[in-house]
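Novice: Supplied structure: query.csv, CSV, C-alpha atoms and all ligand atoms.
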chain,number,residue,atom,x,y,z
A,1,MET,CA,0.9,161.4,134.8
A,2,THR,CA,3.6,161.5,132.0
A,3,ILE,CA,1.6,158.9,130.0
A,4,ARG,CA,-1.5,161.1,130.3
A,5,LEU,CA,0.4,164.2,129.3
A,6,GLY,CA,2.0,162.4,126.4
A,7,GLY,CA,-1.4,161.1,125.3
A,8,ILE,CA,-2.8,164.6,125.3
A,9,LEU,CA,0.1,166.1,123.4
A,10,PHE,CA,0.0,163.3,120.8
A,11,GLY,CA,-3.8,163.8,120.3
A,12,LEU,CA,-3.3,167.6,120.0
A,13,ALA,CA,-0.5,167.0,117.4
A,14,ILE,CA,-2.7,164.7,115.3
A,15,THR,CA,-5.6,167.2,115.5
A,16,GLY,CA,-3.3,170.0,114.5
A,17,VAL,CA,-1.9,168.2,111.5
A,18,LEU,CA,-5.4,167.2,110.3
A,19,LEU,CA,-6.7,170.8,110.8
A,20,LEU,CA,-3.7,172.3,108.8
A,21,TRP,CA,-4.2,169.7,106.1
A,22,SER,CA,-7.9,170.5,105.7
A,23,LEU,CA,-7.6,174.3,106.0
A,24,LEU,CA,-4.4,174.9,103.9
A,25,PRO,CA,-4.7,172.9,100.7
A,26,GLY,CA,-1.3,172.4,99.3
A,27,ALA,CA,0.5,173.3,102.5
A,28,LEU,CA,1.1,169.7,103.4
A,29,ASN,CA,0.9,167.9,100.1
A,30,PHE,CA,3.6,165.4,101.0
A,31,ALA,CA,1.1,162.7,100.3
A,32,PHE,CA,0.7,163.6,96.6
A,33,PRO,CA,3.1,163.0,93.7
A,34,THR,CA,5.0,166.0,92.5
A,35,LYS,CA,4.0,167.8,89.2
A,36,PRO,CA,5.0,165.8,86.1
A,37,ASP,CA,7.7,167.5,84.0
A,38,TYR,CA,5.4,168.4,81.1
A,39,TYR,CA,3.4,170.7,83.4
A,40,ALA,CA,6.6,172.5,84.4
A,41,PHE,CA,6.3,175.3,81.8
A,42,GLN,CA,3.8,177.2,83.7
A,43,GLU,CA,4.5,177.1,87.4
A,44,LYS,CA,1.4,178.6,88.8
A,45,ASN,CA,-2.2,178.8,87.6
A,46,ILE,CA,-4.0,182.1,88.4
A,47,ALA,CA,-7.0,182.5,90.6
A,48,PRO,CA,-9.8,185.2,90.4
A,49,GLU,CA,-9.4,188.1,92.7
A,50,GLY,CA,-11.0,187.2,96.0
A,51,GLY,CA,-11.2,183.5,95.0
A,52,PHE,CA,-14.3,181.5,94.0
A,53,SER,CA,-17.4,181.5,96.1
A,54,PHE,CA,-17.1,177.7,96.7
A,55,ASP,CA,-13.5,178.0,98.0
A,56,GLY,CA,-12.6,177.1,101.6
A,57,PRO,CA,-14.4,175.2,104.3
A,58,LEU,CA,-17.3,177.7,104.3
A,59,GLY,CA,-17.7,177.9,100.6
A,60,LYS,CA,-21.1,178.1,98.9
A,61,TRP,CA,-22.3,177.9,95.3
A,62,ASP,CA,-23.3,181.2,93.7
A,63,THR,CA,-26.3,180.0,91.7
A,64,GLN,CA,-26.4,183.2,89.6
A,65,GLN,CA,-22.8,182.5,88.6
A,66,LEU,CA,-23.5,178.8,87.9
A,67,GLN,CA,-26.4,179.9,85.6
A,68,ARG,CA,-24.2,182.3,83.8
A,69,GLY,CA,-21.6,179.5,83.4
A,70,TYR,CA,-24.3,177.3,82.0
A,71,GLN,CA,-25.1,180.0,79.5
A,72,VAL,CA,-21.4,180.2,78.4
A,73,TYR,CA,-21.3,176.4,78.1
A,74,LYS,CA,-24.5,176.4,76.0
A,75,GLU,CA,-23.6,179.3,73.7
A,76,VAL,CA,-19.9,178.7,73.3
A,77,CYS,CA,-18.3,175.4,74.6
A,78,SER,CA,-21.1,173.0,73.6
A,79,ALA,CA,-20.2,173.6,69.9
A,80,CYS,CA,-17.2,171.3,70.5
A,81,HIS,CA,-17.4,169.8,74.0
A,82,SER,CA,-19.8,167.3,75.4
A,83,LEU,CA,-20.9,167.2,79.0
A,84,LYS,CA,-22.1,163.7,79.0
A,85,PHE,CA,-22.5,162.9,82.7
A,86,VAL,CA,-24.8,165.8,83.4
A,87,ALA,CA,-28.5,165.5,82.7
A,88,PHE,CA,-30.8,168.4,82.0
A,89,ARG,CA,-32.8,167.7,85.2
A,90,ASN,CA,-29.6,168.4,87.1
A,91,LEU,CA,-30.0,172.0,86.2
A,92,GLN,CA,-32.6,172.2,89.0
A,93,GLU,CA,-29.7,172.1,91.4
A,94,ILE,CA,-28.4,175.4,90.1
A,95,GLY,CA,-31.7,177.2,90.5
A,96,PHE,CA,-33.8,176.4,87.4
A,97,THR,CA,-37.4,175.6,88.1
A,98,GLU,CA,-39.0,172.4,86.7
A,99,PRO,CA,-40.8,174.1,83.8
A,100,GLU,CA,-37.5,176.0,83.0
A,101,VAL,CA,-35.6,172.7,82.9
A,102,ARG,CA,-38.2,171.3,80.6
A,103,ALA,CA,-37.9,174.3,78.3
A,104,GLU,CA,-34.1,174.2,78.5
A,105,ALA,CA,-34.0,170.5,77.6
A,106,ALA,CA,-36.3,171.1,74.7
A,107,SER,CA,-34.0,173.8,73.3
A,108,TRP,CA,-31.3,171.1,72.7
A,109,GLU,CA,-31.3,168.4,70.1
A,110,VAL,CA,-30.4,164.9,71.2
A,111,PRO,CA,-30.0,161.7,69.2
A,112,GLY,CA,-33.2,159.6,69.1
A,113,ILE,CA,-34.9,156.9,67.1
A,114,ASP,CA,-37.8,157.3,64.7
A,115,PRO,CA,-40.6,155.2,66.3
A,116,LYS,CA,-41.9,154.2,62.8
A,117,ASP,CA,-38.8,152.8,61.2
A,118,GLY,CA,-36.0,152.9,63.8
A,119,SER,CA,-33.8,155.2,61.9
A,120,ALA,CA,-31.5,157.6,63.8
A,121,ILE,CA,-33.1,161.0,64.1
A,122,LYS,CA,-32.6,164.2,66.2
A,123,ARG,CA,-35.4,165.1,68.7
A,124,PRO,CA,-35.8,167.8,71.3
A,125,GLY,CA,-34.4,166.9,74.7
A,126,ILE,CA,-36.4,165.9,77.8
A,127,PRO,CA,-35.2,166.5,81.4
A,128,THR,CA,-33.8,163.0,81.8
A,129,ASP,CA,-31.6,163.2,78.7
A,130,GLN,CA,-27.9,164.0,79.1
A,131,PHE,CA,-26.2,166.8,77.4
A,132,PRO,CA,-25.5,165.6,73.8
A,133,SER,CA,-22.1,165.4,72.1
A,134,PRO,CA,-21.8,167.9,69.2
A,135,TYR,CA,-20.1,165.2,67.1
A,136,ALA,CA,-21.3,161.8,65.9
A,137,ASN,CA,-18.1,160.2,66.8
A,138,GLU,CA,-14.4,160.7,67.6
A,139,VAL,CA,-13.4,160.7,63.9
A,140,GLU,CA,-15.8,163.6,63.1
A,141,ALA,CA,-14.6,165.4,66.3
A,142,ARG,CA,-11.0,165.2,65.2
A,143,ALA,CA,-11.8,166.1,61.6
A,144,PHE,CA,-13.3,169.4,62.7
A,145,ASN,CA,-10.5,170.2,65.1
A,146,ASN,CA,-7.2,169.9,63.4
A,147,ASN,CA,-7.0,166.3,64.5
A,148,ALA,CA,-7.3,167.2,68.2
A,149,LEU,CA,-10.1,165.8,70.3
A,150,PRO,CA,-12.1,168.2,72.5
A,151,PRO,CA,-12.4,166.3,75.8
A,152,ASP,CA,-15.7,165.8,77.6
A,153,LEU,CA,-15.9,168.6,80.1
A,154,THR,CA,-17.9,166.9,82.9
A,155,LEU,CA,-14.8,165.9,84.9
A,156,ILE,CA,-12.2,168.3,83.5
A,157,THR,CA,-11.7,170.2,86.8
A,158,LYS,CA,-10.9,166.8,88.4
A,159,ALA,CA,-8.8,165.4,85.5
A,160,ARG,CA,-6.1,168.1,85.7
A,161,LYS,CA,-3.9,169.1,88.5
A,162,ASP,CA,-5.3,172.1,90.4
A,163,GLY,CA,-8.1,171.7,87.7
A,164,VAL,CA,-10.3,174.5,88.9
A,165,HIS,CA,-7.6,177.1,88.6
A,166,TYR,CA,-6.2,175.4,85.5
A,167,VAL,CA,-9.5,175.8,83.5
A,168,TYR,CA,-9.8,179.4,84.7
A,169,SER,CA,-6.2,180.1,83.6
A,170,LEU,CA,-6.4,178.2,80.3
A,171,MET,CA,-9.4,180.2,79.2
A,172,GLN,CA,-7.4,183.4,79.6
A,173,GLY,CA,-4.0,182.1,78.7
A,174,TYR,CA,-4.0,183.0,75.0
A,175,ASN,CA,-1.1,185.2,74.1
A,176,GLU,CA,1.9,185.5,71.8
A,177,PRO,CA,5.1,183.6,72.7
A,178,ASP,CA,7.9,185.8,74.0
A,179,PRO,CA,10.0,186.9,70.9
A,180,GLU,CA,13.2,186.2,73.0
A,181,ASP,CA,12.1,182.6,73.6
A,182,VAL,CA,11.3,182.2,69.9
A,183,ALA,CA,14.7,183.5,69.0
A,184,LYS,CA,16.3,181.0,71.4
A,185,SER,CA,14.3,178.0,70.5
A,186,PRO,CA,12.2,177.1,67.4
A,187,ASP,CA,10.0,175.1,69.8
A,188,PHE,CA,8.4,178.3,70.9
A,189,GLU,CA,7.1,179.1,67.4
A,190,THR,CA,3.4,178.4,67.1
A,191,PRO,CA,2.7,175.8,64.4
A,192,PRO,CA,-0.1,176.6,61.9
A,193,GLY,CA,-3.5,175.7,63.1
A,194,LEU,CA,-2.5,175.8,66.8
A,195,TYR,CA,-2.7,178.6,69.3
A,196,PHE,CA,-0.1,179.7,71.9
A,197,ASN,CA,-1.5,179.2,75.4
A,198,GLU,CA,1.0,179.4,78.2
A,199,TYR,CA,-1.1,177.2,80.5
A,200,PHE,CA,-1.5,174.3,78.1
A,201,TYR,CA,1.1,171.5,78.8
A,202,ASN,CA,2.9,171.8,75.5
A,203,ILE,CA,2.0,175.5,75.0
A,204,ASN,CA,0.3,175.0,71.6
A,205,ILE,CA,-3.4,174.1,71.9
A,206,ALA,CA,-5.7,173.2,69.1
A,207,MET,CA,-8.6,175.1,70.7
A,208,PRO,CA,-8.9,178.6,69.3
A,209,PRO,CA,-9.4,181.4,71.9
A,210,GLN,CA,-13.1,181.2,73.0
A,211,LEU,CA,-14.0,183.9,75.6
A,212,LEU,CA,-13.6,187.1,73.6
A,213,ASP,CA,-15.1,190.1,75.4
A,214,GLY,CA,-18.9,190.2,74.9
A,215,ILE,CA,-19.2,186.8,73.1
A,216,VAL,CA,-22.3,186.1,75.2
A,217,THR,CA,-24.9,188.6,76.4
A,218,TYR,CA,-25.7,187.5,80.0
A,219,SER,CA,-29.4,187.4,80.7
A,220,ASP,CA,-28.8,188.8,84.2
A,221,GLY,CA,-27.1,191.9,82.8
A,222,THR,CA,-23.6,191.1,84.1
A,223,GLU,CA,-20.9,192.5,81.8
A,224,ALA,CA,-19.4,189.6,79.8
A,225,THR,CA,-15.7,190.3,80.0
A,226,THR,CA,-13.2,187.5,79.3
A,227,GLU,CA,-12.3,187.3,83.0
A,228,GLN,CA,-16.0,187.2,84.1
A,229,MET,CA,-16.9,184.4,81.6
A,230,ALA,CA,-13.7,182.4,82.6
A,231,GLN,CA,-14.8,182.6,86.2
A,232,ASP,CA,-18.4,181.7,85.4
A,233,ILE,CA,-17.6,178.7,83.1
A,234,THR,CA,-15.1,177.4,85.7
A,235,ALA,CA,-17.6,177.6,88.5
A,236,PHE,CA,-20.1,175.8,86.3
A,237,LEU,CA,-17.7,173.0,85.3
A,238,THR,CA,-16.6,172.6,89.0
A,239,TRP,CA,-20.3,172.0,89.8
A,240,ALA,CA,-20.6,169.6,86.9
A,241,GLY,CA,-17.6,167.6,88.1
A,242,GLU,CA,-18.7,167.6,91.8
A,243,PRO,CA,-22.3,168.7,92.4
A,244,SER,CA,-22.0,167.5,96.0
A,245,LEU,CA,-19.0,169.7,96.8
A,246,ILE,CA,-20.8,172.0,99.2
A,247,LYS,CA,-22.7,169.2,100.9
A,248,ARG,CA,-19.4,167.4,101.4
A,249,LYS,CA,-18.0,170.4,103.2
A,250,GLN,CA,-21.1,170.9,105.3
A,251,THR,CA,-21.0,167.2,106.3
A,252,GLY,CA,-17.4,167.8,107.4
A,253,TRP,CA,-18.6,170.5,109.9
A,254,PHE,CA,-21.3,168.2,111.1
A,255,VAL,CA,-18.8,165.4,111.7
A,256,ILE,CA,-16.4,167.7,113.6
A,257,GLY,CA,-19.3,168.9,115.7
A,258,PHE,CA,-20.4,165.3,116.4
A,259,LEU,CA,-16.9,164.3,117.4
A,260,LEU,CA,-16.5,167.2,119.7
A,261,PHE,CA,-19.8,166.3,121.4
A,262,ALA,CA,-18.7,162.6,121.6
A,263,THR,CA,-15.5,163.7,123.2
A,264,PHE,CA,-17.4,165.8,125.7
A,265,LEU,CA,-19.7,162.9,126.5
A,266,GLY,CA,-16.8,160.5,126.9
A,267,PHE,CA,-15.1,162.9,129.3
A,268,MET,CA,-18.2,163.4,131.4
A,269,SER,CA,-18.8,159.6,131.6
A,270,TYR,CA,-15.1,159.1,132.6
A,271,LYS,CA,-15.7,161.6,135.4
A,272,THR,CA,-18.8,159.9,136.6
A,273,VAL,CA,-17.3,156.4,136.4
A,274,TRP,CA,-14.3,157.4,138.4
A,275,ALA,CA,-16.1,159.7,140.8
A,276,THR,CA,-16.3,157.3,143.6
A,277,LYS,CA,-12.8,155.8,143.1
A,278,LYS,CA,-10.7,158.9,143.0
A,279,PRO,CA,-10.6,161.3,146.0
A,280,LYS,CA,-10.8,165.0,145.2
A,281,LYS,CA,-7.6,166.9,146.0
A,282,GLY,CA,-7.5,167.8,149.7
A,283,SER,CA,-10.3,165.4,150.7
A,284,PRO,CA,-9.5,162.7,153.3
A,285,ASP,CA,-8.5,159.4,151.7
A,286,LEU,CA,-11.2,156.9,151.3
A,287,VAL,CA,-10.4,153.7,153.1
B,301,LIG,C1,-14.1,175.2,68.2
B,301,LIG,C2,-14.2,174.1,69.1
B,301,LIG,C3,-14.0,174.4,70.5
B,301,LIG,C4,-14.8,175.2,71.3
B,301,LIG,C5,-16.0,176.1,70.9
B,301,LIG,C6,-14.3,175.0,72.7
B,301,LIG,N1,-13.2,174.2,72.7
B,301,LIG,FE1,-12.2,173.6,74.3
B,301,LIG,N2,-11.1,172.3,73.1
B,301,LIG,C7,-11.2,172.2,71.8
B,301,LIG,C8,-10.2,171.3,71.3
B,301,LIG,C9,-10.0,170.9,69.9
B,301,LIG,C10,-9.4,170.9,72.4
B,301,LIG,C11,-8.2,169.9,72.5
B,301,LIG,C12,-7.0,170.8,72.4
B,301,LIG,C13,-5.7,170.0,72.2
B,301,LIG,O1,-5.6,168.8,72.6
B,301,LIG,O2,-4.8,170.6,71.7
B,301,LIG,C14,-10.0,171.5,73.6
B,301,LIG,C15,-9.6,171.4,74.9
B,301,LIG,C16,-10.2,172.0,76.0
B,301,LIG,C17,-9.7,171.8,77.3
B,301,LIG,C18,-8.7,170.8,77.8
B,301,LIG,C19,-7.3,171.2,77.8
B,301,LIG,C20,-6.4,170.1,78.3
B,301,LIG,O3,-5.7,170.4,79.3
B,301,LIG,O4,-6.4,169.1,77.7
B,301,LIG,C21,-10.5,172.5,78.1
B,301,LIG,C22,-10.5,172.7,79.6
B,301,LIG,C23,-11.4,173.2,77.2
B,301,LIG,N3,-11.2,172.9,75.9
B,301,LIG,C24,-12.4,174.1,77.7
B,301,LIG,C25,-13.3,174.8,76.9
B,301,LIG,C26,-14.3,175.7,77.3
B,301,LIG,C27,-14.5,176.0,78.8
B,301,LIG,C28,-15.0,176.1,76.3
B,301,LIG,C29,-16.1,177.1,76.2
B,301,LIG,C30,-15.8,178.4,76.8
B,301,LIG,C31,-14.4,175.5,75.1
B,301,LIG,N4,-13.4,174.7,75.5
B,301,LIG,C32,-14.8,175.7,73.8
B,301,LIG,C33,-12.1,172.8,71.0
B,301,LIG,C34,-13.0,173.7,71.4
Please lay out the structure from this file as C-alpha cells.
Specialist:
Amino acid sequence: MTIRLGGILFGLAITGVLLLWSLLPGALNFAFPTKPDYYAFQEKNIAPEGGFSFDGPLGKWDTQQLQRGYQVYKEVCSACHSLKFVAFRNLQEIGFTEPEVRAEAASWEVPGIDPKDGSAIKRPGIPTDQFPSPYANEVEARAFNNNALPPDLTLITKARKDGVHYVYSLMQGYNEPDPEDVAKSPDFETPPGLYFNEYFYNINIAMPPQLLDGIVTYSDGTEATTEQMAQDITAFLTWAGEPSLIKRKQTGWFVIGFLLFATFLGFMSYKTVWATKKPKKGSPDLV
C-alpha cells in the first residue's frame, strides 16, 4: 500500500515538475548557465504588450504579421544583413502563393554565372535560391560598416539569450546615455561612428537606428510605428530561425494526449488482468 502511494506521489511530482518547466519558461532554469557578465548591463529585455502571437503552448503564427516582417526585412535590413538559410520558396509557408513567390524571387538579384563565358553576373532570383548577401565578402561588409560585421539574421533569435525579446528590444533600444553615467565614467560616452543602444552587450553598436517611424509603408495598411515594425521583424526572424516552432508545439499536445490514452489503456488492462485474482471489497474470499 505504502509502495503504491509512494509510486503515485513520485509520478505526480515528476509530472508537476515537467508541466511547470514547459509552461513557465525561465521559472525553473536551473539547467541553464547563468547570464555571462557582459550581458549584465541590461537586466531585462522588453516584450510587446500582450506578447507575441506565437508565445506559449497554444501559440500560432500571425501570417499577416510575418508578411509585414518580411517587408521590413526586404526594404530595410537586407541592405546590410543576409538571410542565407532561407529560400524564396519558404515564403509559401507564410502565406505567399506560388506565383507570388516567383514574382518575389524575381525582384531580388542573386549571384549567377554567365552561361556563355562563366563570368560572375547578377541574375533575378528563382524560388529555389536563398536570400542573397548584400556584400561580396566579409571585407566589403566591414568596409561599409565601420569595421563591424552585420551578422546573418537567419538564426539570430536563437543565437542570443532570450533572442526573440532581445531582437525586439534592440530595435527599439536607441537612446542617449544617461548624462550622470557619462559624468561618472568615460566608458558611457558614445565613440564616433557608433550608436548608444542599451540592449547591446557593450552599449555601443555599429548599426545605426533602423526602424524610424514610417520608414516602410505597409501594403496591408498597418501603421508603421517603430514598435509595430520591431514586433513584425522579430516575428519574421523568429519564423526564419525556427519555421517548425508551431508544429513542434502541436506535436507536444499530441504526445501528451497519446500518453494519457496509453496510461488509461494500461490502467484498464491492469484491471482486466487482475480481475479474477483480486476479490472486490466485501465479496467472499475466493478459495
Ligand atoms: C546600414 C546597415 C545595417 C542595416 C540596414 C541593418 N543593420 Fe543590423 N547590424 C549592422 C551592423 C554593422 C551590425 C553589427 C553591429 C556591431 O557589431 O556593433 C548589426 C547587427 C545587428 C544585430 C546583432 C546584434 C548583436 O547582438 O550582435 C541584429 C539583431 C540586427 N543587426 C538586426 C537588424 C534588423 C532587424 C535590421 C532591419 C530592421 C537591421 N539590423 C538593419 C548593420 C545594419
Novice: What do you get as a count of residues only if you pick all residues at most 7 Å from ligand LIG 301 (chain B), counting all atoms listed in the file?
Specialist: 29
Novice: Report, in Å to a single decimal, how far apart atom CA of A:Tyr195 and atom CA of A:Met229 are.
Specialist: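 Separation of atom CA of A:Met229 and atom CA of A:Tyr195: 19.7 Å.
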Novice: Between atom CA of A:Thr276 and atom CA of A:Ile3, what is the distance in Å, rounded to a tenth?
Specialist: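 Going from atom CA of A:Thr276 over to atom CA of A:Ile3, I get 22.5 Å.
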Novice: So that I can check the surroundings of A:Gly241, please list as a PyMOL selection string every protein, DNA and RNA residue that reaches within 12 Å of it, counting only C-alpha atoms and ignoring chain neighbours fewer than 6 positions away.
Specialist: chain A and resi 83-86+152-160+163-164+234-235
Novice: May I ask for the distance between atom CA of A:Lys60 and atom CA of A:Ile246, given in Å to one decimal place?
Specialist: 6.1 Å
Novice: If we count only C-alpha atoms, what is near stretch 125-132 of chain A at a cut-off of 8 Å, once residues fewer than 5 positions away on the same chain are taken out, given as a list in words?
Specialist: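 Everything that qualifies: Ser82, Leu83, Lys84, Phe85, Val86, Ala87, Phe88, Arg89, Val101, Arg102, Ala105, Ala106, Ser107, Trp108, Glu109, Val110 and Pro111 of chain A.
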Novice: Tell me, as a list in words, which residues lie within 9 Å of A:Glu198, counting all atoms listed in the file; anything in the same chain fewer than 5 positions away does not count.
Specialist: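 The filter keeps Phe41, Gln42, Leu170, Gly173, Tyr174, Asn175, Glu176, Pro177, Ile203 and Asn204 of chain A.
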Novice: For A:Leu245, list every protein, DNA or RNA residue within 10 Å, evaluated using only C-alpha atoms, and leave out those in the same chain fewer than 5 positions away; present the list as a ChimeraX atom specification.
Specialist: /A:54,59-61,238-239,250
Novice: Limited to C-alpha atoms, could you put the picked residues into a file as a short mmCIF file (atom, residue, chain, number, x, y, z; two decimals), in the coordinates of the input?
Specialist:
data_model
loop_
_atom_site.label_atom_id
_atom_site.label_comp_id
_atom_site.auth_asym_id
_atom_site.auth_seq_id
_atom_site.Cartn_x
_atom_site.Cartn_y
_atom_site.Cartn_z
CA PHE A 54 -17.10 177.70 96.70
CA GLY A 59 -17.70 177.90 100.60
CA LYS A 60 -21.10 178.10 98.90
CA TRP A 61 -22.30 177.90 95.30
CA THR A 238 -16.60 172.60 89.00
CA TRP A 239 -20.30 172.00 89.80
CA GLN A 250 -21.10 170.90 105.30
#
Novice: Would you list the contacts of stretch 181-183 of chain A as a JSON list (two decimals) with C-alpha atoms, keeping the file's coordinate frame, taking every protein, DNA or RNA residue within 12 Å and counting only C-alpha atoms, but skipping same-chain residues closer than 6 positions in sequence?
Specialist:
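In the end it all went to result-v7.json:
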[["chain", "number", "residue", "atom", "x", "y", "z"],
["A", 189, "GLU", "CA", 7.10, 179.10, 67.40],
["A", 190, "THR", "CA", 3.40, 178.40, 67.10],
["A", 196, "PHE", "CA", -0.10, 179.70, 71.90]]
